[in-house]
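Novice: Input structure: my_file38.txt, which contains compact mmCIF, C-alpha atoms.
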```
# COMPACT_ATOMS: atom_id res chain seq x y z
CA LYS J 245 -8.62 -1.37 8.96
CA GLY J 246 -7.85 -1.24 12.64
CA GLY J 247 -5.99 2.05 12.36
CA ILE J 248 -8.82 3.66 10.41
CA ILE J 249 -11.47 2.40 12.80
CA ASN J 250 -9.52 3.68 15.82
CA ARG J 251 -9.30 7.10 14.20
CA ILE J 252 -13.05 7.01 13.59
CA LYS J 253 -13.50 6.75 17.34
CA THR J 254 -11.42 9.86 17.98
CA ASP J 255 -12.44 13.47 17.65
CA SER J 256 -12.00 14.13 13.93
CA SER J 257 -11.67 17.86 14.60
CA LYS J 258 -8.23 17.16 16.11
CA ARG J 259 -6.82 15.51 12.99
CA ASN J 260 -3.92 17.31 11.33
CA PHE J 261 -3.10 17.00 7.65
CA ASN J 262 -0.01 18.03 5.71
CA PHE J 263 -0.27 18.78 2.01
CA SER J 264 2.64 18.25 -0.36
CA THR J 265 3.14 19.09 -4.01
CA ASN J 266 4.27 16.43 -6.47
CA ASN J 267 3.87 15.28 -10.04
CA THR J 268 0.41 13.75 -9.82
CA GLY J 269 -1.43 15.76 -7.20
CA GLY J 270 -0.50 18.44 -4.76
CA ILE J 271 -2.18 21.32 -3.08
CA ASN J 272 -4.36 23.67 -5.09
CA SER J 273 -7.66 25.46 -4.59
CA PHE J 274 -9.63 22.50 -5.93
CA ASN J 275 -7.96 20.03 -3.54
CA ILE J 276 -8.56 22.35 -0.59
CA LEU J 277 -12.23 22.65 -1.52
CA VAL J 278 -12.59 18.87 -1.86
CA PHE J 279 -10.79 18.30 1.45
CA GLN J 280 -13.00 20.78 3.29
CA SER J 281 -16.12 19.17 1.81
CA LEU J 282 -14.99 15.68 2.80
CA PHE J 283 -14.17 16.87 6.29
CA LEU J 284 -17.67 18.28 6.76
CA ILE J 285 -19.25 15.11 5.35
CA SER J 286 -17.17 12.97 7.71
CA LYS J 287 -18.42 14.94 10.72
CA TYR J 288 -21.99 14.28 9.57
CA PHE J 289 -21.43 10.54 9.20
CA LYS J 290 -19.73 10.38 12.60
CA ALA J 291 -22.60 12.17 14.28
CA SER J 292 -25.15 9.89 12.61
CA GLY J 293 -23.24 6.71 13.46
CA LYS J 294 -22.75 5.64 9.81
CA THR J 295 -19.25 4.30 10.37
CA TYR J 296 -19.00 2.48 7.02
CA PHE J 297 -19.31 5.73 5.11
CA LEU J 298 -17.01 7.45 7.57
CA TYR J 299 -14.46 4.68 6.96
CA ARG J 300 -14.56 5.43 3.22
CA ILE J 301 -14.29 9.18 3.80
CA PHE J 302 -11.15 8.77 5.92
CA PHE J 303 -9.60 6.72 3.14
CA ILE J 304 -10.13 9.64 0.76
CA ILE J 305 -8.86 12.24 3.23
CA ASP J 306 -5.76 10.14 3.97
CA ALA J 307 -5.06 9.98 0.24
CA PHE J 308 -4.66 13.76 0.22
CA ASN J 309 -2.06 13.35 2.94
CA MET J 310 -0.02 10.69 1.12
CA LYS J 311 3.60 11.60 0.39
CA TYR J 312 3.54 9.57 -2.84
CA ASN J 313 0.55 9.85 -5.12
CA PHE J 314 1.96 7.76 -7.97
CA ILE J 315 3.59 4.53 -6.81
CA THR J 316 5.09 2.04 -9.26
CA ILE J 317 6.13 -1.51 -8.43
CA GLU J 318 8.85 -3.21 -10.45
CA GLY J 319 10.91 -6.37 -10.44
CA ASN J 320 11.81 -9.43 -12.47
CA ILE J 321 9.28 -11.89 -13.88
CA GLY J 322 7.60 -13.62 -10.93
CA ALA J 323 8.80 -11.18 -8.27
CA GLY J 324 5.26 -10.50 -7.00
CA LYS J 325 4.59 -7.07 -8.55
CA THR J 326 0.92 -7.58 -9.37
CA THR J 327 0.11 -9.21 -6.02
CA LEU J 328 1.62 -6.29 -4.10
CA ALA J 329 -0.05 -3.75 -6.40
CA HIS J 330 -3.48 -5.30 -5.74
CA LEU J 331 -2.94 -5.31 -1.98
CA LEU J 332 -1.62 -1.75 -1.82
CA SER J 333 -4.45 -0.42 -3.96
CA LYS J 334 -6.99 -1.94 -1.57
CA ARG J 335 -5.28 -0.69 1.58
CA LEU J 336 -4.69 2.81 0.17
CA ASN J 337 -7.99 3.07 -1.73
CA ALA J 338 -5.80 3.71 -4.77
CA ARG J 339 -6.50 3.56 -8.46
CA LEU J 340 -4.85 0.45 -9.89
CA ILE J 341 -2.96 0.20 -13.18
CA LEU J 342 -2.07 -3.35 -14.22
CA GLU J 343 -0.05 -4.33 -17.24
CA GLU J 344 -2.30 -5.93 -19.85
CA PHE J 345 0.26 -8.53 -20.93
CA ALA J 346 -2.40 -11.05 -21.94
CA ASP J 347 -3.50 -8.73 -24.78
CA ASN J 348 -0.10 -9.00 -26.48
CA PRO J 349 -0.56 -11.58 -29.28
CA PHE J 350 3.21 -11.96 -29.68
CA LEU J 351 3.93 -13.06 -26.09
CA PRO J 352 3.30 -16.84 -26.42
CA LYS J 353 5.06 -16.81 -29.80
CA PHE J 354 8.04 -14.99 -28.29
CA TYR J 355 8.71 -17.76 -25.79
CA GLU J 356 8.65 -20.26 -28.67
CA ASN J 357 10.90 -18.23 -30.99
CA GLN J 358 12.51 -15.21 -29.35
CA GLN J 359 14.62 -14.18 -32.31
CA GLN J 360 11.66 -13.92 -34.66
CA TYR J 361 9.12 -12.27 -32.37
CA ALA J 362 11.17 -10.10 -29.99
CA PHE J 363 10.87 -6.84 -31.95
CA PRO J 364 7.08 -6.92 -32.59
CA LEU J 365 6.62 -8.07 -28.98
CA GLU J 366 8.48 -5.07 -27.56
CA LEU J 367 6.85 -2.59 -29.96
CA PHE J 368 3.40 -3.83 -28.98
CA PHE J 369 4.23 -3.59 -25.27
CA MET J 370 5.58 -0.05 -25.62
CA ALA J 371 2.50 1.16 -27.53
CA GLU J 372 0.07 -0.46 -25.07
CA ARG J 373 1.90 0.74 -21.95
CA TYR J 374 2.10 4.29 -23.30
CA LYS J 375 -1.60 4.39 -24.16
CA GLN J 376 -2.65 2.92 -20.81
CA LEU J 377 -0.49 5.24 -18.69
CA LYS J 378 -1.31 8.32 -20.78
CA ASP J 379 -5.06 7.76 -20.61
CA LEU J 380 -5.27 6.89 -16.91
CA LEU J 381 -2.80 9.42 -15.52
CA GLN J 382 -4.46 12.28 -17.39
CA THR J 383 -7.83 11.42 -15.84
CA LYS J 384 -8.24 12.78 -12.32
CA ASP J 385 -10.36 10.86 -9.81
CA MET J 386 -11.29 12.78 -6.68
CA PHE J 387 -12.18 9.55 -4.85
CA GLN J 388 -8.89 7.83 -5.67
CA HIS J 389 -6.13 10.38 -5.33
CA VAL J 390 -3.37 7.75 -5.23
CA THR J 391 -2.38 5.57 -8.18
CA VAL J 392 -0.54 2.24 -7.94
CA SER J 393 0.95 0.59 -11.02
CA ASP J 394 2.60 -2.81 -11.41
CA TYR J 395 5.02 -1.61 -14.08
CA LEU J 396 7.36 1.25 -14.93
CA PHE J 397 7.37 2.53 -18.51
CA THR J 398 11.16 2.18 -18.55
CA LYS J 399 10.51 -1.56 -18.36
CA CYS J 400 10.14 -1.35 -22.14
CA LEU J 401 13.77 -0.36 -22.53
CA LEU J 402 15.07 -2.86 -19.99
CA PHE J 403 13.42 -5.86 -21.62
CA ALA J 404 14.33 -4.62 -25.10
CA LYS J 405 17.97 -4.43 -24.05
CA VAL J 406 17.89 -8.13 -23.19
CA ASN J 407 15.66 -9.32 -26.03
CA LEU J 408 16.78 -7.36 -29.11
CA PRO J 409 19.94 -7.48 -31.19
CA GLU J 410 21.96 -4.26 -31.12
CA ALA J 411 20.66 -2.69 -34.36
CA GLU J 412 17.02 -3.24 -33.41
CA PHE J 413 17.64 -2.07 -29.85
CA LEU J 414 19.14 1.24 -31.05
CA LEU J 415 16.05 1.88 -33.19
CA TYR J 416 13.77 0.91 -30.31
CA GLN J 417 15.70 3.19 -27.95
CA LYS J 418 15.15 6.18 -30.25
CA LEU J 419 11.41 5.55 -30.24
CA PHE J 420 11.44 5.18 -26.46
CA GLU J 421 13.29 8.48 -25.99
CA ILE J 422 10.63 10.27 -28.05
CA ILE J 423 7.73 8.81 -26.05
CA ASN J 424 9.05 8.64 -22.49
CA PRO J 425 9.21 12.42 -21.76
CA GLN J 426 5.46 12.65 -22.41
CA LEU J 427 4.66 10.48 -19.38
CA VAL J 428 4.59 11.36 -15.70
CA GLN J 429 7.29 9.61 -13.70
CA PRO J 430 6.36 7.90 -10.41
CA ASP J 431 6.86 9.65 -7.09
CA LEU J 432 8.17 6.36 -5.68
CA LEU J 433 9.41 3.15 -7.24
CA ILE J 434 9.10 -0.04 -5.19
CA TYR J 435 11.59 -2.58 -6.49
CA LEU J 436 11.13 -6.22 -5.49
CA HIS J 437 14.37 -8.19 -5.64
CA ALA J 438 14.09 -11.96 -5.36
CA PRO J 439 16.66 -14.66 -6.19
CA VAL J 440 16.13 -16.49 -9.47
CA GLY J 441 15.25 -19.69 -7.62
CA LYS J 442 12.27 -18.00 -5.97
CA LEU J 443 11.26 -16.41 -9.30
CA LYS J 444 11.21 -19.86 -10.92
CA GLU J 445 9.08 -21.22 -8.08
CA ASN J 446 6.61 -18.32 -8.36
CA ILE J 447 6.40 -18.77 -12.14
CA ARG J 448 5.72 -22.48 -11.68
CA ARG J 449 3.06 -21.78 -9.06
CA ARG J 450 1.09 -19.24 -11.10
CA ASN J 451 1.07 -21.77 -13.96
CA ARG J 452 0.93 -19.63 -17.10
CA SER J 453 1.63 -22.22 -19.77
CA TYR J 454 3.80 -20.04 -22.01
CA GLU J 455 6.06 -19.05 -19.06
CA GLN J 456 6.95 -22.55 -17.91
CA GLY J 457 9.85 -22.86 -20.33
CA ILE J 458 11.55 -19.57 -19.38
CA ALA J 459 15.27 -20.25 -19.15
CA THR J 460 17.15 -19.59 -15.92
CA GLU J 461 19.77 -17.67 -17.95
CA TYR J 462 17.05 -15.35 -19.25
CA LEU J 463 15.93 -14.48 -15.72
CA PHE J 464 19.54 -13.85 -14.69
CA ALA J 465 19.98 -11.48 -17.68
CA LEU J 466 16.87 -9.52 -16.72
CA GLN J 467 18.00 -9.44 -13.09
CA GLU J 468 21.34 -7.92 -14.07
CA THR J 469 19.67 -5.35 -16.33
CA TYR J 470 17.29 -4.28 -13.56
CA THR J 471 20.18 -4.07 -11.07
CA GLN J 472 22.20 -1.78 -13.33
CA TYR J 473 19.17 0.45 -13.95
CA ILE J 474 18.32 0.76 -10.24
CA LYS J 475 21.89 1.82 -9.50
CA GLN J 476 21.89 4.58 -12.13
CA HIS J 477 18.45 6.20 -12.13
CA ASN J 478 17.36 9.10 -9.89
CA ILE J 479 13.82 8.04 -8.96
CA LYS J 480 13.13 7.61 -5.26
CA THR J 481 13.34 3.83 -4.86
CA LEU J 482 12.30 1.52 -2.05
CA TYR J 483 14.43 -1.59 -2.61
CA ILE J 484 12.78 -4.61 -0.97
CA ASP J 485 14.48 -7.93 -0.37
CA ALA J 486 11.67 -10.22 -1.54
CA SER J 487 13.58 -13.47 -1.12
CA SER J 488 11.14 -14.62 1.57
CA SER J 489 8.25 -12.25 0.93
CA ASP J 490 4.64 -13.39 1.32
CA PHE J 491 2.46 -10.32 0.96
CA LEU J 492 -0.72 -12.40 0.74
CA GLY J 493 -0.07 -14.74 3.64
CA ASN J 494 1.96 -12.57 6.02
CA GLU J 495 0.27 -9.30 6.90
CA ARG J 496 3.43 -8.03 8.60
CA HIS J 497 5.16 -7.94 5.22
CA LEU J 498 2.44 -5.76 3.71
CA ASN J 499 2.30 -3.53 6.79
CA ALA J 500 6.07 -2.95 6.59
CA VAL J 501 5.68 -1.60 3.05
CA ILE J 502 2.73 0.62 4.00
CA GLU J 503 4.62 2.03 6.99
CA ALA J 504 7.57 2.81 4.72
CA LEU J 505 5.26 4.93 2.55
CA ASP J 506 5.01 7.42 5.43
CA LYS J 507 8.72 8.22 5.13
CA ASP J 508 9.96 11.12 3.03
CA PHE J 509 12.73 9.49 1.00
CA ASP J 510 15.49 11.30 -0.86
CA GLU J 511 16.38 10.36 -4.42
CA GLY J 512 18.21 7.06 -4.78
CA GLN J 513 17.86 3.64 -3.17
CA HIS J 514 16.44 2.94 0.26
CA TYR J 515 16.52 -0.66 1.47
CA LEU J 516 13.70 -2.39 3.29
CA GLN J 517 14.18 -5.74 5.03
CA LEU J 518 10.84 -7.43 5.62
CA PRO J 519 10.20 -8.70 9.19
```
For this file, write the structure as structure tokens.
Specialist:
Amino acid sequence: KGGIINRIKTDSSKRNFNFSTNNTGGINSFNILVFQSLFLISKYFKASGKTYFLYRIFFIIDAFNMKYNFITIEGNIGAGKTTLAHLLSKRLNARLILEEFADNPFLPKFYENQQQYAFPLELFFMAERYKQLKDLLQTKDMFQHVTVSDYLFTKCLLFAKVNLPEAEFLLYQKLFEIINPQLVQPDLLIYLHAPVGKLKENIRRRNRSYEQGIATEYLFALQETYTQYIKQHNIKTLYIDASSSDFLGNERHLNAVIEALDKDFDEGQHYLQLP
């Protein structure tokens, strides 16, 4: 908030903004019109001393200047994806997409009998993730130009690779390859890497009953699958060592991520060590 408030105190006519084109936004005549309208409204609120409304307007204007309009957070079970997604969405005034895992009726059953319920579990997740991403990403919101999600659609394939026997995985992969091209890919992937010991501690702390029996070997298998995927894909990726991360309790950790979002990354991995 401090940075926004300081900018409120400056002459807003001196602010410079750079527009960029990407998958989910970009410069066009509509965006220019909206930006000009917001700029005029902000001058009115500044002149009238209504700083709360001016604060909200600057959030919207800054969203037009973001280098990454669709940000996805990924990582193993218990890595802190949802926590970071919530915090980033608040700081960036971003639309938030959270995985609706609790709606999957096969999830508790899967942890009791993986062999029997793995395939319906993964099919349900793929259908729900596709519907959620398709619906939300096709709907424009002029007041929330940035979108933050706590999952990548490719997560479907990564978990299926660990959970399914080969014959079922090959069938699942064919379905995935039909669906995946229909979705917009993120401008930036934030990958949280934490050691399995920390994952187990986070899982214990959040106390979801059906997760408490997750085997250490299962987390290691997912970790290896994620690692191989991160090495091979071509999405711009911010790889964060989350072994000692505390995004809720240590504001410096969150600020380090937000500052990194100002950088124009090339494709591939870019490592971030939290302070």
Novice: So which one's closest to J:Asp394, J:Asp485, J:Glu318, J:Glu372, J:Glu366? Using all atoms listed in the file, please.
Specialist: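 Checking each of J:Asp485, J:Glu318, J:Glu372, J:Glu366 against J:Asp394, counting all atoms listed in the file, the winner is J:Glu318.
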Novice: What's the separation between atom CA of J:Tyr355 and atom CA of J:Glu421, in Å to one decimal place?
Specialist: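 It comes out at 26.6 Å.
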Novice: If you measure from atom CA of J:Leu492 to atom CA of J:Leu377, what distance in Å do you get, rounded to one decimal?
Specialist: 26.2 Å
Novice: Counting all atoms listed in the file, figure out which residue out of J:Phe363, J:Tyr435, J:Tyr395, J:Phe509 gets nearest to J:Leu351.
Specialist: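 Among J:Phe363, J:Tyr435, J:Tyr395, J:Phe509, it is J:Phe363 that comes nearest to J:Leu351.
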Novice: Would you mind telling me which residue in J:Val392, J:Met310, J:Leu433, J:Leu516 lies nearest to J:Thr327 when using only C-alpha atoms?
Specialist: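 With only C-alpha atoms as the atom set, the closest residue is J:Val392.
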Novice: So what do you get for atom CA of J:Val428 versus atom CA of J:Lys378, distance-wise?
Specialist: 8.4 Å
Novice: For J:Leu332, work out the shell of residues within 10 Å, counting all atoms listed in the file and skipping chain neighbours fewer than 6 positions away, then give it as number ranges by chain.
Specialist: J: 315, 326, 338-340, 391-393, 491, 498-499, 501-502
Novice: Take the residues just selected and output them with C-alpha atoms as a JSON list (two decimals), in the frame of the given file.
Specialist:
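To be explicit, this is the file written out as out-v4.json:
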```
[["chain", "number", "residue", "atom", "x", "y", "z"],
["J", 315, "ILE", "CA", 3.59, 4.53, -6.81],
["J", 326, "THR", "CA", 0.92, -7.58, -9.37],
["J", 338, "ALA", "CA", -5.80, 3.71, -4.77],
["J", 339, "ARG", "CA", -6.50, 3.56, -8.46],
["J", 340, "LEU", "CA", -4.85, 0.45, -9.89],
["J", 391, "THR", "CA", -2.38, 5.57, -8.18],
["J", 392, "VAL", "CA", -0.54, 2.24, -7.94],
["J", 393, "SER", "CA", 0.95, 0.59, -11.02],
["J", 491, "PHE", "CA", 2.46, -10.32, 0.96],
["J", 498, "LEU", "CA", 2.44, -5.76, 3.71],
["J", 499, "ASN", "CA", 2.30, -3.53, 6.79],
["J", 501, "VAL", "CA", 5.68, -1.60, 3.05],
["J", 502, "ILE", "CA", 2.73, 0.62, 4.00]]
```
Novice: J:Leu401, J:Pro430, J:Phe354, J:Phe369: which is nearest J:Lys418, counting all atoms listed in the file?
Specialist: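 With all atoms listed in the file as the atom set, the closest residue is J:Leu401.
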